[in-house]
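Just below is one structure, and these are the notes that go with it.
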Amino acid sequence: MSRKKRSQAQTGKRLRCNRCGCHAPRDLASKAAENWSGKWESGRIALILCPLCQTPLENAAAEANDAELAVARAGGGKFLPDPVLCITGTLEDPGTVLYGRDHLQRISVAGQAENLALVQLPADTWCVPIVGGVMVYLPGQRTAR
């Protein structure tokens, strides 16, 4: 998980490290939370780790995710966390599913659309899957593919 994505977690209770149980900083976007890491599943934090409990591999993966997000944002992308369904057109006249077909398949099997966000985008939008969601590039904001 990218450390940047942690700031999107808005929960009522204070999070704890899944390994040692120590409390995470209250403000996950603060300097104190900078080296905490976690894993996102279905748009929610499923695992959170304090800096002392992270393995070198987990730390490297978080750093790689941060770098990937930074490059994508610098190229004009906007991150949308999963689960999200990105479509062109309208609900009455849907265009193309740009991202989220796997979410639609799970909904058709399970019959649940819990926490799924629907985003309607212009026809020339470009979407790129990324850890934890999708980067959306609106028309005129694209970088070279």
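Labels for the structure tokens follow display order: chains A, B, ..., residues from 1 in each chain, ligands from 1.
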Practice problem: Find the residues near Gln120 in chain A: any atom within 8 Å, counting only C-alpha atoms, skip ones fewer than 6 places away on the same chain, and give them as JSON, numbers by chain. | Solution: {"A": [86, 87, 88, 89, 90]}
Practice problem: For range 14-20 of chain A, work out the shell of residues within 6 Å, counting only C-alpha atoms and skipping chain neighbours fewer than 6 positions away, then give it as a ChimeraX atom specification. | Solution: /A:48-50
Quiz item: What's the 8 Å shell around Tyr137 in chain A, counting only C-alpha atoms, without same-chain residues fewer than 2 positions away, as a list in words?
Solution: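 Listing them by chain and then by number gives Gly76, Gly77, Lys78, Thr125, Trp126, Cys127, Met135, Pro139, Gln141 and Arg142 of chain A.
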Quiz prompt | alpha helix (DSSP H) positions in chain A, given as a list in words | solution =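 Matching residues, listed in order: Pro56, Leu57, Glu58, Asn59, Ala60, Ala61, Ala62, Glu63, Ala64, Asn65, Asp66, Ala67, Glu68, Leu69, Ala70, Val71, Ala72, Arg73, Ala74, Arg101, Asp102, His103, Leu104, Gln105, Arg106, Ile107, Ser108, Val109 and Ala110 of chain A.
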Please, could you write that set of residues out with N, CA and C atoms as a PDB file, in the first residue's frame?
```pdb
ATOM      1  N   PRO A  56      11.667  -5.743   5.509  1.00  0.00           N
ATOM      2  CA  PRO A  56      12.298  -4.963   4.446  1.00  0.00           C
ATOM      3  C   PRO A  56      11.536  -5.057   3.116  1.00  0.00           C
ATOM      4  N   LEU A  57      10.969  -6.219   2.828  1.00  0.00           N
ATOM      5  CA  LEU A  57      10.210  -6.394   1.594  1.00  0.00           C
ATOM      6  C   LEU A  57       8.939  -5.540   1.618  1.00  0.00           C
ATOM      7  N   GLU A  58       8.226  -5.510   2.743  1.00  0.00           N
ATOM      8  CA  GLU A  58       7.018  -4.689   2.858  1.00  0.00           C
ATOM      9  C   GLU A  58       7.354  -3.206   2.743  1.00  0.00           C
ATOM     10  N   ASN A  59       8.451  -2.809   3.350  1.00  0.00           N
ATOM     11  CA  ASN A  59       8.880  -1.419   3.274  1.00  0.00           C
ATOM     12  C   ASN A  59       9.223  -1.048   1.833  1.00  0.00           C
ATOM     13  N   ALA A  60       9.930  -1.912   1.134  1.00  0.00           N
ATOM     14  CA  ALA A  60      10.289  -1.658  -0.266  1.00  0.00           C
ATOM     15  C   ALA A  60       9.044  -1.574  -1.147  1.00  0.00           C
ATOM     16  N   ALA A  61       8.059  -2.443  -0.900  1.00  0.00           N
ATOM     17  CA  ALA A  61       6.819  -2.412  -1.682  1.00  0.00           C
ATOM     18  C   ALA A  61       6.084  -1.093  -1.473  1.00  0.00           C
ATOM     19  N   ALA A  62       6.047  -0.608  -0.235  1.00  0.00           N
ATOM     20  CA  ALA A  62       5.392   0.677   0.055  1.00  0.00           C
ATOM     21  C   ALA A  62       6.110   1.819  -0.646  1.00  0.00           C
ATOM     22  N   GLU A  63       7.440   1.786  -0.637  1.00  0.00           N
ATOM     23  CA  GLU A  63       8.218   2.825  -1.316  1.00  0.00           C
ATOM     24  C   GLU A  63       7.968   2.790  -2.824  1.00  0.00           C
ATOM     25  N   ALA A  64       7.884   1.598  -3.391  1.00  0.00           N
ATOM     26  CA  ALA A  64       7.606   1.469  -4.827  1.00  0.00           C
ATOM     27  C   ALA A  64       6.214   2.005  -5.162  1.00  0.00           C
ATOM     28  N   ASN A  65       5.226   1.718  -4.309  1.00  0.00           N
ATOM     29  CA  ASN A  65       3.873   2.234  -4.523  1.00  0.00           C
ATOM     30  C   ASN A  65       3.861   3.758  -4.460  1.00  0.00           C
ATOM     31  N   ASP A  66       4.585   4.327  -3.486  1.00  0.00           N
ATOM     32  CA  ASP A  66       4.682   5.785  -3.375  1.00  0.00           C
ATOM     33  C   ASP A  66       5.263   6.390  -4.645  1.00  0.00           C
ATOM     34  N   ALA A  67       6.325   5.786  -5.150  1.00  0.00           N
ATOM     35  CA  ALA A  67       6.974   6.290  -6.356  1.00  0.00           C
ATOM     36  C   ALA A  67       6.031   6.208  -7.555  1.00  0.00           C
ATOM     37  N   GLU A  68       5.319   5.098  -7.675  1.00  0.00           N
ATOM     38  CA  GLU A  68       4.384   4.921  -8.789  1.00  0.00           C
ATOM     39  C   GLU A  68       3.281   5.983  -8.739  1.00  0.00           C
ATOM     40  N   LEU A  69       2.742   6.243  -7.550  1.00  0.00           N
ATOM     41  CA  LEU A  69       1.712   7.271  -7.407  1.00  0.00           C
ATOM     42  C   LEU A  69       2.257   8.655  -7.729  1.00  0.00           C
ATOM     43  N   ALA A  70       3.458   8.952  -7.266  1.00  0.00           N
ATOM     44  CA  ALA A  70       4.058  10.262  -7.509  1.00  0.00           C
ATOM     45  C   ALA A  70       4.260  10.504  -9.001  1.00  0.00           C
ATOM     46  N   VAL A  71       4.739   9.506  -9.708  1.00  0.00           N
ATOM     47  CA  VAL A  71       4.947   9.632 -11.157  1.00  0.00           C
ATOM     48  C   VAL A  71       3.607   9.828 -11.864  1.00  0.00           C
ATOM     49  N   ALA A  72       2.611   9.045 -11.485  1.00  0.00           N
ATOM     50  CA  ALA A  72       1.298   9.147 -12.127  1.00  0.00           C
ATOM     51  C   ALA A  72       0.654  10.504 -11.865  1.00  0.00           C
ATOM     52  N   ARG A  73       0.758  11.007 -10.644  1.00  0.00           N
ATOM     53  CA  ARG A  73       0.190  12.326 -10.335  1.00  0.00           C
ATOM     54  C   ARG A  73       0.933  13.425 -11.086  1.00  0.00           C
ATOM     55  N   ALA A  74       2.251  13.295 -11.189  1.00  0.00           N
ATOM     56  CA  ALA A  74       3.040  14.291 -11.923  1.00  0.00           C
ATOM     57  C   ALA A  74       2.637  14.319 -13.395  1.00  0.00           C
ATOM     58  N   ARG A 101     -14.312  -3.759 -14.319  1.00  0.00           N
ATOM     59  CA  ARG A 101     -15.042  -4.950 -14.771  1.00  0.00           C
ATOM     60  C   ARG A 101     -14.993  -6.071 -13.733  1.00  0.00           C
ATOM     61  N   ASP A 102     -13.847  -6.201 -13.049  1.00  0.00           N
ATOM     62  CA  ASP A 102     -13.736  -7.242 -12.017  1.00  0.00           C
ATOM     63  C   ASP A 102     -14.713  -6.981 -10.877  1.00  0.00           C
ATOM     64  N   HIS A 103     -14.957  -5.708 -10.557  1.00  0.00           N
ATOM     65  CA  HIS A 103     -15.934  -5.380  -9.517  1.00  0.00           C
ATOM     66  C   HIS A 103     -17.336  -5.760  -9.978  1.00  0.00           C
ATOM     67  N   LEU A 104     -17.642  -5.514 -11.247  1.00  0.00           N
ATOM     68  CA  LEU A 104     -18.953  -5.892 -11.786  1.00  0.00           C
ATOM     69  C   LEU A 104     -19.149  -7.399 -11.748  1.00  0.00           C
ATOM     70  N   GLN A 105     -18.096  -8.161 -12.059  1.00  0.00           N
ATOM     71  CA  GLN A 105     -18.198  -9.618 -12.014  1.00  0.00           C
ATOM     72  C   GLN A 105     -18.470 -10.099 -10.588  1.00  0.00           C
ATOM     73  N   ARG A 106     -17.792  -9.510  -9.600  1.00  0.00           N
ATOM     74  CA  ARG A 106     -18.038  -9.901  -8.204  1.00  0.00           C
ATOM     75  C   ARG A 106     -19.466  -9.567  -7.784  1.00  0.00           C
ATOM     76  N   ILE A 107     -19.963  -8.416  -8.247  1.00  0.00           N
ATOM     77  CA  ILE A 107     -21.329  -8.024  -7.915  1.00  0.00           C
ATOM     78  C   ILE A 107     -22.315  -9.009  -8.525  1.00  0.00           C
ATOM     79  N   SER A 108     -22.088  -9.420  -9.770  1.00  0.00           N
ATOM     80  CA  SER A 108     -23.012 -10.353 -10.415  1.00  0.00           C
ATOM     81  C   SER A 108     -23.009 -11.712  -9.731  1.00  0.00           C
ATOM     82  N   VAL A 109     -21.865 -12.115  -9.182  1.00  0.00           N
ATOM     83  CA  VAL A 109     -21.783 -13.402  -8.485  1.00  0.00           C
ATOM     84  C   VAL A 109     -22.336 -13.283  -7.064  1.00  0.00           C
ATOM     85  N   ALA A 110     -21.921 -12.254  -6.341  1.00  0.00           N
ATOM     86  CA  ALA A 110     -22.295 -12.118  -4.933  1.00  0.00           C
ATOM     87  C   ALA A 110     -23.600 -11.354  -4.730  1.00  0.00           C
TER      88      ALA A 110
END
```
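For the choices A:Gly38, A:Leu121, A:Pro81, A:Gly111, the atom-to-atom distance to Gly133 in chain A is smallest for A:Pro81 when using only C-alpha atoms.
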Exercise. Report as a list in words: the residues of range 70-104 of chain A with a DSSP assignment of strand (DSSP E or B), based on the backbone of this structure.
Key: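 Restricting range 70-104 of chain A to strand (DSSP E or B) produces Lys78, Phe79, Leu80, Pro81, Val84, Leu85, Cys86, Ile87, Thr88, Gly89, Pro94, Gly95, Thr96, Val97, Leu98 and Tyr99 of chain A.
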Self-check item: Shortest interatomic distance to Pro129 in chain A - which of A:Glu114, A:Glu41, A:Asp27, A:Asp82, counting only C-alpha atoms
Solution: A:Asp82
Quiz item: From the set A:Pro122, A:Phe79, A:Cys53, A:Pro25, which residue has the shortest atom-to-atom contact distance to Val134 in chain A, counting only C-alpha atoms?
Solution: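 Residue with the minimum atom-to-atom distance to Val134 in chain A: A:Phe79.
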